[in-house]
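Source file start_39.txt; content: compact mmCIF, C-alpha atoms and all ligand atoms.
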# COMPACT_ATOMS: atom_id res chain seq x y z
CA MET A 10 -18.98 1.49 0.55
CA ILE A 11 -17.45 -1.76 -0.64
CA ARG A 12 -17.74 -5.14 1.03
CA VAL A 13 -15.83 -8.21 -0.07
CA GLU A 14 -16.45 -11.54 1.66
CA GLN A 15 -14.63 -14.84 1.36
CA LEU A 16 -13.26 -14.14 -2.10
CA HIS A 17 -11.55 -17.07 -3.84
CA LYS A 18 -10.00 -17.22 -7.29
CA THR A 19 -7.94 -20.02 -8.80
CA PHE A 20 -6.53 -19.86 -12.33
CA GLN A 21 -6.52 -23.23 -14.02
CA LEU A 22 -3.32 -23.96 -15.87
CA ASP A 23 -2.20 -27.02 -17.82
CA LYS A 24 -0.22 -28.19 -14.83
CA GLY A 25 -2.54 -27.65 -11.86
CA GLY A 26 -3.91 -24.29 -10.73
CA VAL A 27 -2.70 -21.02 -9.24
CA ARG A 28 -4.59 -20.10 -6.09
CA ALA A 29 -4.36 -16.35 -6.69
CA VAL A 30 -6.89 -15.25 -4.02
CA GLN A 31 -7.67 -17.37 -0.98
CA GLY A 32 -10.54 -16.27 1.21
CA VAL A 33 -10.01 -12.52 1.20
CA GLY A 34 -12.49 -10.22 2.92
CA PHE A 35 -12.49 -6.48 3.67
CA THR A 36 -14.74 -3.45 3.93
CA VAL A 37 -14.00 -0.02 2.48
CA ASN A 38 -15.98 2.85 3.98
CA GLU A 39 -17.62 5.66 2.06
CA GLY A 40 -15.00 8.15 0.84
CA GLU A 41 -12.14 6.07 2.15
CA PHE A 42 -8.81 5.57 0.33
CA PHE A 43 -8.05 1.89 0.81
CA THR A 44 -4.86 0.23 -0.42
CA LEU A 45 -4.11 -3.39 -1.21
CA LEU A 46 -0.36 -3.64 -0.66
CA GLY A 47 1.67 -6.74 -1.40
CA PRO A 48 4.59 -8.20 -3.31
CA SER A 49 4.37 -9.21 -6.94
CA GLY A 50 2.04 -12.16 -7.47
CA SER A 51 0.23 -11.74 -4.14
CA GLY A 52 -3.16 -11.39 -5.86
CA LYS A 53 -3.71 -7.62 -5.78
CA SER A 54 -4.71 -7.16 -9.41
CA THR A 55 -6.87 -10.25 -9.34
CA ILE A 56 -8.90 -8.83 -6.43
CA LEU A 57 -9.27 -5.47 -8.18
CA ARG A 58 -10.34 -7.19 -11.41
CA CYS A 59 -12.92 -9.19 -9.46
CA LEU A 60 -14.29 -5.90 -8.08
CA ALA A 61 -14.43 -4.49 -11.62
CA GLY A 62 -16.11 -7.61 -12.98
CA LEU A 63 -13.20 -8.37 -15.33
CA GLU A 64 -12.52 -11.62 -13.49
CA HIS A 65 -15.07 -14.15 -12.35
CA PRO A 66 -14.40 -15.29 -8.75
CA ASP A 67 -14.80 -18.97 -7.84
CA GLN A 68 -16.47 -18.00 -4.63
CA GLY A 69 -17.38 -14.91 -2.65
CA GLU A 70 -19.66 -11.96 -2.26
CA ILE A 71 -18.95 -8.45 -3.56
CA ILE A 72 -21.09 -5.46 -2.67
CA ILE A 73 -20.37 -2.02 -4.15
CA GLY A 74 -22.53 0.78 -2.79
CA SER A 75 -26.07 -0.50 -2.72
CA GLN A 76 -25.40 -3.05 -5.47
CA HIS A 77 -24.65 -6.72 -4.82
CA VAL A 78 -22.44 -7.08 -7.90
CA PHE A 79 -21.30 -10.65 -7.37
CA SER A 80 -22.64 -13.53 -5.33
CA SER A 81 -21.57 -17.15 -5.52
CA ARG A 82 -24.46 -17.95 -3.16
CA THR A 83 -27.14 -16.74 -5.55
CA LYS A 84 -25.00 -17.16 -8.72
CA HIS A 85 -25.59 -13.53 -9.54
CA THR A 86 -23.10 -11.34 -11.39
CA VAL A 87 -23.36 -7.76 -12.67
CA PRO A 88 -21.38 -7.07 -15.90
CA PRO A 89 -18.46 -4.62 -15.65
CA GLU A 90 -20.20 -1.79 -17.55
CA GLU A 91 -23.10 -1.83 -15.11
CA ARG A 92 -20.94 -1.59 -11.99
CA PRO A 93 -20.58 1.92 -10.47
CA ILE A 94 -16.82 1.99 -10.94
CA GLY A 95 -14.06 3.82 -12.79
CA MET A 96 -10.78 2.02 -13.33
CA VAL A 97 -7.22 3.17 -13.99
CA PHE A 98 -4.53 0.73 -15.07
CA GLN A 99 -0.74 0.85 -14.82
CA SER A 100 -0.45 0.73 -18.60
CA TYR A 101 -2.70 3.85 -18.99
CA ALA A 102 -4.67 2.11 -21.78
CA ILE A 103 -4.95 5.38 -23.69
CA TRP A 104 -6.00 4.93 -27.31
CA PRO A 105 -3.23 6.40 -29.48
CA HIS A 106 -5.44 7.14 -32.49
CA MET A 107 -7.73 9.41 -30.46
CA ASN A 108 -7.20 12.85 -28.99
CA VAL A 109 -7.67 13.67 -25.32
CA PHE A 110 -11.35 14.54 -25.70
CA GLU A 111 -12.16 11.33 -27.57
CA ASN A 112 -10.30 9.20 -25.06
CA VAL A 113 -12.19 10.65 -22.10
CA ALA A 114 -15.53 10.70 -23.93
CA PHE A 115 -15.25 7.13 -25.22
CA PRO A 116 -16.95 5.31 -22.33
CA LEU A 117 -19.63 8.03 -22.16
CA LYS A 118 -20.49 7.59 -25.83
CA ARG A 119 -20.73 3.85 -25.45
CA GLY A 120 -24.16 4.42 -23.98
CA THR A 121 -26.04 3.53 -20.87
CA LYS A 122 -24.18 3.21 -17.66
CA HIS A 123 -25.88 2.37 -14.36
CA GLY A 124 -29.30 2.68 -15.96
CA GLN A 125 -28.60 6.25 -17.09
CA LYS A 126 -29.98 7.43 -20.39
CA ARG A 127 -27.63 7.94 -23.34
CA LEU A 128 -25.96 11.33 -22.96
CA SER A 129 -26.39 14.11 -25.52
CA GLU A 130 -23.34 15.58 -27.30
CA GLY A 131 -23.59 18.65 -25.08
CA GLN A 132 -23.74 16.60 -21.89
CA ILE A 133 -20.72 14.56 -22.98
CA ALA A 134 -18.72 17.71 -23.73
CA GLU A 135 -19.63 19.04 -20.30
CA ALA A 136 -18.70 15.82 -18.51
CA VAL A 137 -15.36 15.63 -20.36
CA ALA A 138 -14.53 19.26 -19.57
CA GLU A 139 -15.38 18.71 -15.91
CA ALA A 140 -13.23 15.55 -15.70
CA LEU A 141 -10.27 17.23 -17.44
CA LYS A 142 -10.49 20.16 -15.06
CA LYS A 143 -10.30 17.78 -12.09
CA VAL A 144 -7.02 16.33 -13.33
CA ASN A 145 -5.56 19.73 -14.36
CA LEU A 146 -5.79 19.10 -18.11
CA ALA A 147 -8.38 21.76 -18.94
CA GLY A 148 -7.86 23.10 -22.45
CA MET A 149 -5.98 20.03 -23.67
CA GLU A 150 -9.04 18.45 -25.34
CA TYR A 151 -7.67 18.42 -28.87
CA ARG A 152 -4.13 17.27 -28.14
CA PRO A 153 -3.40 13.98 -29.92
CA ALA A 154 -2.81 11.19 -27.39
CA THR A 155 0.57 10.43 -28.94
CA GLN A 156 1.83 13.90 -28.00
CA LEU A 157 1.25 13.47 -24.29
CA SER A 158 3.89 12.84 -21.64
CA GLY A 159 3.60 9.82 -19.36
CA GLY A 160 2.16 11.95 -16.57
CA GLN A 161 -0.38 13.55 -18.92
CA GLN A 162 -1.44 10.15 -20.26
CA GLN A 163 -2.02 8.99 -16.71
CA ARG A 164 -4.16 12.08 -16.05
CA VAL A 165 -6.22 11.32 -19.16
CA ALA A 166 -6.75 7.78 -17.88
CA LEU A 167 -7.85 9.23 -14.55
CA ALA A 168 -10.21 11.71 -16.24
CA ARG A 169 -11.71 8.88 -18.28
CA ALA A 170 -12.30 6.85 -15.11
CA LEU A 171 -13.96 9.84 -13.41
CA ALA A 172 -16.01 11.16 -16.35
CA HIS A 173 -19.14 9.17 -15.62
CA ARG A 174 -18.95 10.11 -11.92
CA PRO A 175 -18.50 6.60 -10.53
CA ALA A 176 -19.13 5.83 -6.87
CA VAL A 177 -15.87 3.94 -6.66
CA LEU A 178 -12.42 4.42 -8.19
CA LEU A 179 -10.23 1.36 -8.73
CA LEU A 180 -6.54 2.05 -9.36
CA ASP A 181 -4.00 -0.63 -10.28
CA GLU A 182 -0.43 0.66 -9.81
CA PRO A 183 -1.34 3.85 -11.73
CA LEU A 184 1.90 5.68 -10.91
CA SER A 185 4.50 2.98 -11.38
CA ASN A 186 5.40 3.96 -14.96
CA LEU A 187 6.24 7.53 -13.97
CA ASP A 188 9.68 8.74 -12.93
CA ALA A 189 10.33 9.18 -9.21
CA LYS A 190 9.78 12.93 -9.01
CA LEU A 191 6.55 12.92 -11.02
CA ARG A 192 5.31 9.90 -9.09
CA GLU A 193 5.64 11.85 -5.86
CA GLU A 194 3.80 14.86 -7.30
CA MET A 195 1.02 12.73 -8.74
CA ARG A 196 0.73 10.89 -5.43
CA GLU A 197 -0.08 14.13 -3.62
CA GLU A 198 -2.46 15.26 -6.35
CA LEU A 199 -4.26 11.94 -6.36
CA ARG A 200 -4.73 12.05 -2.62
CA GLU A 201 -6.10 15.61 -2.81
CA LEU A 202 -8.36 14.80 -5.75
CA THR A 203 -9.93 11.67 -4.25
CA LYS A 204 -10.44 13.46 -0.94
CA SER A 205 -12.00 16.54 -2.54
CA LEU A 206 -14.36 14.34 -4.56
CA ASN A 207 -14.97 12.16 -1.49
CA ILE A 208 -14.78 9.17 -3.79
CA THR A 209 -14.29 5.68 -2.36
CA SER A 210 -10.99 4.38 -3.75
CA VAL A 211 -9.26 1.03 -3.87
CA TYR A 212 -5.61 1.36 -4.78
CA VAL A 213 -3.24 -1.45 -5.64
CA THR A 214 0.52 -1.13 -5.19
CA HIS A 215 3.65 -3.05 -4.23
CA ASP A 216 5.30 0.23 -3.13
CA GLN A 217 5.08 0.62 0.64
CA VAL A 218 6.04 4.31 0.62
CA GLU A 219 3.21 5.03 -1.80
CA ALA A 220 0.78 3.03 0.32
CA LEU A 221 1.81 4.81 3.52
CA ALA A 222 1.54 8.24 1.90
CA LEU A 223 -1.78 7.80 0.14
CA SER A 224 -3.95 5.56 2.23
CA ASP A 225 -6.50 5.99 4.95
CA ARG A 226 -6.18 2.28 5.56
CA ILE A 227 -3.90 -0.46 4.19
CA ALA A 228 -4.49 -4.20 3.77
CA VAL A 229 -1.33 -6.26 3.30
CA LEU A 230 -1.58 -9.28 1.01
CA MET A 231 0.81 -12.21 0.87
CA GLU A 232 0.27 -15.23 -1.36
CA GLY A 233 -3.39 -14.50 -1.95
CA ALA A 234 -4.28 -13.98 1.70
CA LEU A 235 -4.80 -10.83 3.73
CA VAL A 236 -2.23 -10.87 6.54
CA ALA A 237 -2.68 -7.44 8.13
CA GLU A 238 -4.99 -4.48 7.99
CA GLY A 239 -4.80 -1.11 9.66
CA LEU A 240 -3.97 2.58 9.63
CA PRO A 241 -0.63 3.32 7.89
CA PHE A 242 0.84 4.72 11.10
CA GLU A 243 -0.25 1.71 13.15
CA LEU A 244 0.99 -0.86 10.66
CA TYR A 245 4.35 0.83 10.37
CA LEU A 246 4.97 1.42 14.07
CA HIS A 247 3.31 -1.65 15.54
CA PRO A 248 3.38 -4.45 13.00
CA ARG A 249 2.11 -7.70 14.46
CA ASP A 250 3.93 -9.87 11.97
CA LYS A 251 7.56 -10.12 10.84
CA ARG A 252 6.70 -10.27 7.15
CA VAL A 253 4.51 -7.18 7.42
CA ALA A 254 7.20 -5.25 9.31
CA ASP A 255 9.76 -6.19 6.70
CA PHE A 256 7.55 -5.32 3.78
CA LEU A 257 6.53 -1.91 5.12
CA GLY A 258 10.06 -0.65 5.56
CA ALA A 259 13.44 -1.57 6.94
CA ALA A 260 13.25 -3.57 10.15
CA ASN A 261 15.75 -5.21 12.47
CA VAL A 262 14.51 -8.62 13.52
CA LEU A 263 16.12 -9.76 16.78
CA GLU A 264 15.08 -13.28 17.61
CA GLY A 265 15.17 -14.37 21.21
CA LYS A 266 13.21 -15.50 24.19
CA ILE A 267 11.21 -13.78 26.87
CA LEU A 268 12.83 -13.74 30.29
CA LYS A 269 10.09 -11.92 32.16
CA VAL A 270 6.81 -10.15 31.43
CA GLU A 271 4.80 -8.04 33.87
CA PRO A 272 1.01 -7.98 33.57
CA ASN A 273 1.26 -4.36 32.33
CA GLY A 274 3.21 -5.52 29.26
CA GLU A 275 6.65 -4.45 30.46
CA GLY A 276 9.26 -7.13 30.11
CA VAL A 277 12.76 -8.31 29.37
CA MET A 278 13.95 -10.58 26.60
CA GLN A 279 17.25 -12.21 25.65
CA THR A 280 18.43 -11.41 22.11
CA GLY A 281 21.62 -11.56 20.06
CA VAL A 282 22.51 -7.98 21.05
CA GLY A 283 21.95 -8.69 24.74
CA THR A 284 19.18 -8.23 27.29
CA LEU A 285 16.46 -6.03 25.89
CA HIS A 286 13.78 -4.23 27.91
CA PHE A 287 10.48 -3.60 26.22
CA SER A 288 7.05 -2.27 26.98
CA SER A 289 4.17 -3.09 24.77
CA ASP A 290 0.42 -3.01 24.68
CA SER A 291 0.28 -6.57 23.36
CA PRO A 292 -1.13 -9.22 25.67
CA ALA A 293 1.92 -10.56 27.48
CA ALA A 294 0.46 -14.01 27.89
CA ALA A 295 0.44 -14.47 24.13
CA TRP A 296 4.25 -14.50 23.98
CA SER A 297 5.18 -16.20 27.24
CA ALA A 298 3.25 -19.18 26.02
CA GLN A 299 5.10 -19.15 22.69
CA GLY A 300 8.62 -19.22 24.10
CA LYS A 301 10.47 -17.96 21.03
CA VAL A 302 9.78 -14.41 20.00
CA ALA A 303 11.29 -11.68 17.86
CA ALA A 304 11.84 -8.01 18.63
CA LEU A 305 11.20 -5.78 15.63
CA VAL A 306 13.02 -2.45 15.74
CA ARG A 307 13.01 0.15 12.97
CA PRO A 308 16.52 1.42 12.10
CA GLU A 309 15.45 5.05 12.54
CA ALA A 310 14.19 4.36 16.07
CA ILE A 311 17.67 3.51 17.31
CA ILE A 312 19.94 6.22 18.70
CA CYS A 313 23.63 6.08 17.89
CA ALA A 314 26.26 8.09 19.81
CA ALA A 315 30.00 8.28 20.33
CA GLU A 316 29.58 8.91 24.06
CA LYS A 317 27.73 6.60 26.43
CA PRO A 318 24.16 7.94 26.76
CA GLY A 319 22.80 8.90 30.16
CA SER A 320 19.98 6.39 30.36
CA ALA A 321 20.85 3.00 31.79
CA GLU A 322 18.65 0.62 29.87
CA ASN A 323 19.06 -0.96 26.42
CA ILE A 324 22.51 0.56 25.85
CA PHE A 325 24.92 -1.54 23.81
CA LEU A 326 28.43 -1.01 22.52
CA GLY A 327 28.91 -1.97 18.90
CA THR A 328 31.39 -1.77 16.05
CA ILE A 329 30.46 -0.10 12.78
CA GLN A 330 30.91 -2.48 9.85
CA ARG A 331 29.66 -0.33 7.02
CA VAL A 332 28.32 3.20 6.49
CA THR A 333 26.31 4.39 3.52
CA PHE A 334 25.54 8.09 3.21
CA GLN A 335 21.99 8.47 1.89
CA GLY A 336 21.52 12.24 2.05
CA SER A 337 19.18 12.63 5.00
CA VAL A 338 20.58 9.67 6.94
CA PHE A 339 23.69 7.61 7.46
CA ASN A 340 22.73 3.99 6.92
CA ILE A 341 24.94 2.17 9.43
CA LEU A 342 25.48 -1.55 9.78
CA LEU A 343 26.70 -2.45 13.29
CA ARG A 344 27.96 -5.59 14.93
CA ILE A 345 26.83 -5.93 18.53
CA ASN A 346 27.73 -9.14 20.35
CA ASP A 347 26.10 -11.93 18.31
CA ALA A 348 23.87 -9.76 16.14
CA THR A 349 23.98 -7.25 13.32
CA LEU A 350 21.89 -4.15 13.65
CA ARG A 351 20.95 -1.57 11.06
CA VAL A 352 20.66 2.03 12.25
CA PHE A 353 19.55 5.09 10.31
CA CYS A 354 21.26 8.04 11.88
CA ASP A 355 19.78 11.46 11.08
CA VAL A 356 22.50 13.53 9.38
CA TYR A 357 21.28 16.85 10.77
CA ASN A 358 20.61 15.75 14.35
CA SER A 359 23.66 13.66 14.91
CA THR A 360 26.95 14.60 16.55
CA LEU A 361 28.41 11.41 15.17
CA LEU A 362 30.46 11.22 11.99
CA PRO A 363 30.34 7.46 11.55
CA SER A 364 33.05 5.42 9.84
CA ALA A 365 33.79 1.72 9.51
CA GLY A 366 35.66 0.20 12.45
CA GLN A 367 34.49 2.88 14.89
CA LYS A 368 33.07 1.79 18.24
CA VAL A 369 29.75 3.47 19.09
CA TYR A 370 27.00 3.24 21.66
CA VAL A 371 23.47 2.49 20.59
CA CYS A 372 20.33 2.99 22.60
CA ILE A 373 17.15 1.12 21.70
CA PRO A 374 14.27 2.96 23.44
CA ARG A 375 12.03 0.33 24.99
CA GLU A 376 8.87 1.85 23.53
CA HIS A 377 10.22 1.16 20.02
CA VAL A 378 10.80 -2.54 20.67
CA ASN A 379 7.91 -4.38 19.05
CA VAL A 380 7.64 -7.96 20.24
CA VAL A 381 5.97 -10.53 17.97
CA GLY A 382 5.88 -14.31 17.79
CA ALA A 383 8.90 -15.79 15.98
CA SER A 384 7.29 -17.83 13.26
N1 LIG A 401 -4.97 -14.90 -16.27
C1 LIG A 401 -4.18 -15.62 -15.47
N2 LIG A 401 -3.88 -16.89 -15.74
C2 LIG A 401 -3.09 -17.63 -14.92
N3 LIG A 401 -2.54 -17.14 -13.79
C3 LIG A 401 -2.80 -15.87 -13.47
C4 LIG A 401 -3.62 -15.03 -14.28
N4 LIG A 401 -3.69 -13.81 -13.71
C5 LIG A 401 -2.95 -13.89 -12.59
N5 LIG A 401 -2.42 -15.12 -12.43
C6 LIG A 401 -1.56 -15.57 -11.30
O1 LIG A 401 -2.22 -15.28 -10.09
C7 LIG A 401 -1.31 -14.80 -9.10
C8 LIG A 401 -1.74 -13.43 -8.65
O2 LIG A 401 -1.58 -12.53 -9.74
P1 LIG A 401 -1.91 -10.97 -9.67
O3 LIG A 401 -1.75 -10.43 -11.03
O4 LIG A 401 -3.21 -10.79 -8.99
O5 LIG A 401 -0.74 -10.48 -8.70
P2 LIG A 401 -0.32 -8.99 -8.30
O6 LIG A 401 -0.28 -8.97 -6.80
O7 LIG A 401 -1.17 -8.01 -8.99
O8 LIG A 401 1.19 -8.92 -8.83
P3 LIG A 401 2.00 -7.69 -9.54
O9 LIG A 401 2.46 -6.80 -8.41
O10 LIG A 401 3.16 -8.38 -10.18
O11 LIG A 401 1.09 -7.01 -10.51
C9 LIG A 401 0.06 -14.86 -9.75
O12 LIG A 401 0.68 -16.06 -9.37
C10 LIG A 401 -0.24 -14.84 -11.24
O13 LIG A 401 0.76 -15.50 -11.96
MG MG A 402 -0.79 -6.56 -10.47

Write the structure described by the file as structure tokens, please.
Ligand SMILES: Nc1ncnc2c1ncn2[C@@H]1O[C@H](COP(=O)(O)OP(=O)(O)OP(=O)(O)O)[C@@H](O)[C@H]1O
Ligand SMILES: [Mg+2]
Amino acid sequence: MIRVEQLHKTFQLDKGGVRAVQGVGFTVNEGEFFTLLGPSGSGKSTILRCLAGLEHPDQGEIIIGSQHVFSSRTKHTVPPEERPIGMVFQSYAIWPHMNVFENVAFPLKRGTKHGQKRLSEGQIAEAVAEALKKVNLAGMEYRPATQLSGGQQQRVALARALAHRPAVLLLDEPLSNLDAKLREEMREELRELTKSLNITSVYVTHDQVEALALSDRIAVLMEGALVAEGLPFELYLHPRDKRVADFLGAANVLEGKILKVEPNGEGVMQTGVGTLHFSSDSPAAAWSAQGKVAALVRPEAIICAAEKPGSAENIFLGTIQRVTFQGSVFNILLRINDATLRVFCDVYNSTLLPSAGQKVYVCIPREHVNVVGAS
């Protein structure tokens, strides 16, 4: 378990300061894979480094397992080597002059960790072998570090972080230096490994696909503040914020105003494409009071057809402006009345062969219209 409360960190520079983390708080449950997702500079690494003890927060409380590792209230801080953590960095941080065994054994040889006694040579060898087996590098002990591929180096870094059996694994963009195919493979392996070890993990990434695929829960960071938190599925399908919707994937943002809302959440709004029916579980009163709202619609939720669909609601006639073939989908840009709409049309389940200039019907199912405040 990890608990972070009211974490603040400002870096002092010659000209003023950078408020890297501004009042962030979250809890990670035992065995959970928790991701801090955000754009570059949003404070992800700073938070992770505060957890590891590599950065000294200005304010806040950090609890890891049963240990209160940082407290600005009591001015108490536990040094990094005494925290029950293993850390993996984007840059691997593998020592080139050592072989695989020496790299993984290095932190074990350094001596006491979490009050444990110094390990014997035999115990170290055992711990290294066990860690290498976990990351599928068994038998590679005596390979020089310089002869390893990027993926193998990353596995060594992971084995090194796991060798002392930490309670918590901290990972800072560990896959971003790998090529796309390997990244995908490693993603699946990492998910399986952390789940089989039931290790509590905090993962940092700016890659939304990676976050969605790996995480039990995601926290979205923007400019040092946590702006959303939830299950991947929930955050993707029902974002409560325009910036979050946009960051988690492609999203059409149709600004407009509410014309009518029923107490059950069903309503009608006026947008650039026309009158849009929606039904949502959000409290209707929250938007009617705001006046201006935005409908968020994922491009893959929209149906595109050459013939007018049977259903009567949320059907619009548009003109295709541009089509990009992306393998599994046609990425279509449409002009409908006063708005542009992006639609991902499934190549295998579509009767449409879209081309620029073509007039097509689109249907926006009301359950996929996500209404949020237009800020
Ligand atoms: N040691 C430092 N000195 C001064 N400013 C820093 C320092 N470390 C980080 N910052 C600043 O703090 C902010 C947050 O940085 P951080 O590295 O946490 O972002 P990040 O979300 O990890 O970004 P990235 O995705 O690019 O790694 C940035 O504006 C960064 O420039
Ligand atoms: Mg970073």

key: Neighbour list for Glu322 in chain A as a PyMOL selection string, cut-off 10 Å, all atoms listed in the file, skip fewer than 3 positions in-chain   = chain A and resi 284-287+318-319+325+372-375

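With distances taken over all atoms listed in the file, A:Leu180 is the one residue among A:Ala189, A:Ala383, A:Leu180, A:Val13 lying closest to ligand MG 402 (chain A).
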
task = Could you please extract the residues within 7 Å of ligand MG 402 (chain A), counting only C-alpha atoms and all ligand atoms, and hand them back as number ranges by chain?
result = A: 49-50, 53-54, 181

Axis-aligned box over every listed atom of ligand LIG 401 (chain A), padded by 4 Å per side: centre and edges in Å to one decimal, as JSON?
{"center_x": -0.9, "center_y": -12.2, "center_z": -11.5, "size_x": 16.1, "size_y": 18.8, "size_z": 17.5}

ask   = Closest to Val229 in chain A among A:Phe353, A:Pro183, A:Trp104, A:Gly47, using all atoms listed in the file?
value = A:Gly47

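Here CA of Gly281 in chain A stands at a distance of 17.1 Å from CA of Val369 in chain A.
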
Separation of atom O4 of ligand LIG 401 (chain A) from CA of Pro116 in chain A, in Å and rounded to one decimal =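 Here the two named atoms are 25.0 Å from each other.
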
message = For a quick check of understanding, using only C-alpha atoms and all ligand atoms, which of A:Gly131, A:Gly233, A:Gly160, A:Gly148 has the smallest distance to ligand LIG 401 (chain A)?
response = A:Gly233

key: Separation of atom C7 of ligand LIG 401 (chain A) from CA of Cys59 in chain A, in Å and rounded to one decimal   = 12.9 Å

Taking all atoms listed in the file into account, report as a PDB file with C-alpha atoms, in the frame of the given file which residues have an atom no farther than 10 Å from an atom of ligand LIG 401 (chain A).
ATOM      1  CA  LYS A  18     -10.000 -17.220  -7.290  1.00  0.00           C
ATOM      2  CA  THR A  19      -7.940 -20.020  -8.800  1.00  0.00           C
ATOM      3  CA  PHE A  20      -6.530 -19.860 -12.330  1.00  0.00           C
ATOM      4  CA  GLN A  21      -6.520 -23.230 -14.020  1.00  0.00           C
ATOM      5  CA  LEU A  22      -3.320 -23.960 -15.870  1.00  0.00           C
ATOM      6  CA  ASP A  23      -2.200 -27.020 -17.820  1.00  0.00           C
ATOM      7  CA  GLY A  26      -3.910 -24.290 -10.730  1.00  0.00           C
ATOM      8  CA  VAL A  27      -2.700 -21.020  -9.240  1.00  0.00           C
ATOM      9  CA  ARG A  28      -4.590 -20.100  -6.090  1.00  0.00           C
ATOM     10  CA  ALA A  29      -4.360 -16.350  -6.690  1.00  0.00           C
ATOM     11  CA  VAL A  30      -6.890 -15.250  -4.020  1.00  0.00           C
ATOM     12  CA  LEU A  45      -4.110  -3.390  -1.210  1.00  0.00           C
ATOM     13  CA  LEU A  46      -0.360  -3.640  -0.660  1.00  0.00           C
ATOM     14  CA  GLY A  47       1.670  -6.740  -1.400  1.00  0.00           C
ATOM     15  CA  PRO A  48       4.590  -8.200  -3.310  1.00  0.00           C
ATOM     16  CA  SER A  49       4.370  -9.210  -6.940  1.00  0.00           C
ATOM     17  CA  GLY A  50       2.040 -12.160  -7.470  1.00  0.00           C
ATOM     18  CA  SER A  51       0.230 -11.740  -4.140  1.00  0.00           C
ATOM     19  CA  GLY A  52      -3.160 -11.390  -5.860  1.00  0.00           C
ATOM     20  CA  LYS A  53      -3.710  -7.620  -5.780  1.00  0.00           C
ATOM     21  CA  SER A  54      -4.710  -7.160  -9.410  1.00  0.00           C
ATOM     22  CA  THR A  55      -6.870 -10.250  -9.340  1.00  0.00           C
ATOM     23  CA  ILE A  56      -8.900  -8.830  -6.430  1.00  0.00           C
ATOM     24  CA  LEU A  57      -9.270  -5.470  -8.180  1.00  0.00           C
ATOM     25  CA  ARG A  58     -10.340  -7.190 -11.410  1.00  0.00           C
ATOM     26  CA  CYS A  59     -12.920  -9.190  -9.460  1.00  0.00           C
ATOM     27  CA  GLU A  64     -12.520 -11.620 -13.490  1.00  0.00           C
ATOM     28  CA  GLN A  99      -0.740   0.850 -14.820  1.00  0.00           C
ATOM     29  CA  ASP A 181      -4.000  -0.630 -10.280  1.00  0.00           C
ATOM     30  CA  GLU A 182      -0.430   0.660  -9.810  1.00  0.00           C
ATOM     31  CA  VAL A 213      -3.240  -1.450  -5.640  1.00  0.00           C
ATOM     32  CA  THR A 214       0.520  -1.130  -5.190  1.00  0.00           C
ATOM     33  CA  HIS A 215       3.650  -3.050  -4.230  1.00  0.00           C
ATOM     34  CA  ASP A 216       5.300   0.230  -3.130  1.00  0.00           C
ATOM     35  CA  LEU A 230      -1.580  -9.280   1.010  1.00  0.00           C
ATOM     36  CA  MET A 231       0.810 -12.210   0.870  1.00  0.00           C
ATOM     37  CA  GLU A 232       0.270 -15.230  -1.360  1.00  0.00           C
ATOM     38  CA  GLY A 233      -3.390 -14.500  -1.950  1.00  0.00           C
TER      39      GLY A 233
END

ask   = Which residues, written as a list in words, have at least one atom at most 7 Å from range 263-267 of chain A, with only C-alpha atoms counted and residues fewer than 3 positions away on the same chain left out?
value =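 Final neighbour list, sorted by chain and number: Val277, Met278, Gln279, Thr280, Gly281, Ser297, Gly300, Lys301, Val302, Ala303, Ala304, Leu305 and Ala383 of chain A.
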
Take the residues just selected and output them with C-alpha atoms as a PDB file, in the coordinates of the input.
ATOM      1  CA  VAL A 277      12.760  -8.310  29.370  1.00  0.00           C
ATOM      2  CA  MET A 278      13.950 -10.580  26.600  1.00  0.00           C
ATOM      3  CA  GLN A 279      17.250 -12.210  25.650  1.00  0.00           C
ATOM      4  CA  THR A 280      18.430 -11.410  22.110  1.00  0.00           C
ATOM      5  CA  GLY A 281      21.620 -11.560  20.060  1.00  0.00           C
ATOM      6  CA  SER A 297       5.180 -16.200  27.240  1.00  0.00           C
ATOM      7  CA  GLY A 300       8.620 -19.220  24.100  1.00  0.00           C
ATOM      8  CA  LYS A 301      10.470 -17.960  21.030  1.00  0.00           C
ATOM      9  CA  VAL A 302       9.780 -14.410  20.000  1.00  0.00           C
ATOM     10  CA  ALA A 303      11.290 -11.680  17.860  1.00  0.00           C
ATOM     11  CA  ALA A 304      11.840  -8.010  18.630  1.00  0.00           C
ATOM     12  CA  LEU A 305      11.200  -5.780  15.630  1.00  0.00           C
ATOM     13  CA  ALA A 383       8.900 -15.790  15.980  1.00  0.00           C
TER      14      ALA A 383
END

ask   = Taking all atoms listed in the file into account, which of A:Val113, A:Val378, A:Ala260, A:Ile311 comes nearest Asp355 in chain A?
value =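 Counting all atoms listed in the file, the residue closest to Asp355 in chain A is A:Ile311.
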
request  = With a distance cut-off of 10 Å and only C-alpha atoms, select the neighbouring residues of Leu199 in chain A, excluding the residue or stretch itself and same-chain residues fewer than 5 positions from it, and output the selection as a PyMOL selection string.
outcome  = chain A and resi 144+164+167+184+193-194+204-205+223

inquiry  = From the options A:Val211, A:Ala154, A:Leu235, A:Met96, which residue's atoms come nearest to Arg169 in chain A, counting all atoms listed in the file?
reply    = A:Met96

task = Considering all atoms listed in the file, return as an MDAnalysis selection string whatever protein or nucleic-acid residues lie within 10 Å of range 334-343 of chain A, sequence-local ones (same chain, fewer than 2 positions apart) excluded.
result = chainID A and resid 308:309 313 326:332 345:346 348:359 361:369 371

task = Have a look at A:Val253, A:Leu63, A:Leu179, A:Val87 and name the one nearest to Glu238 in chain A; count all atoms listed in the file.
result = A:Val253
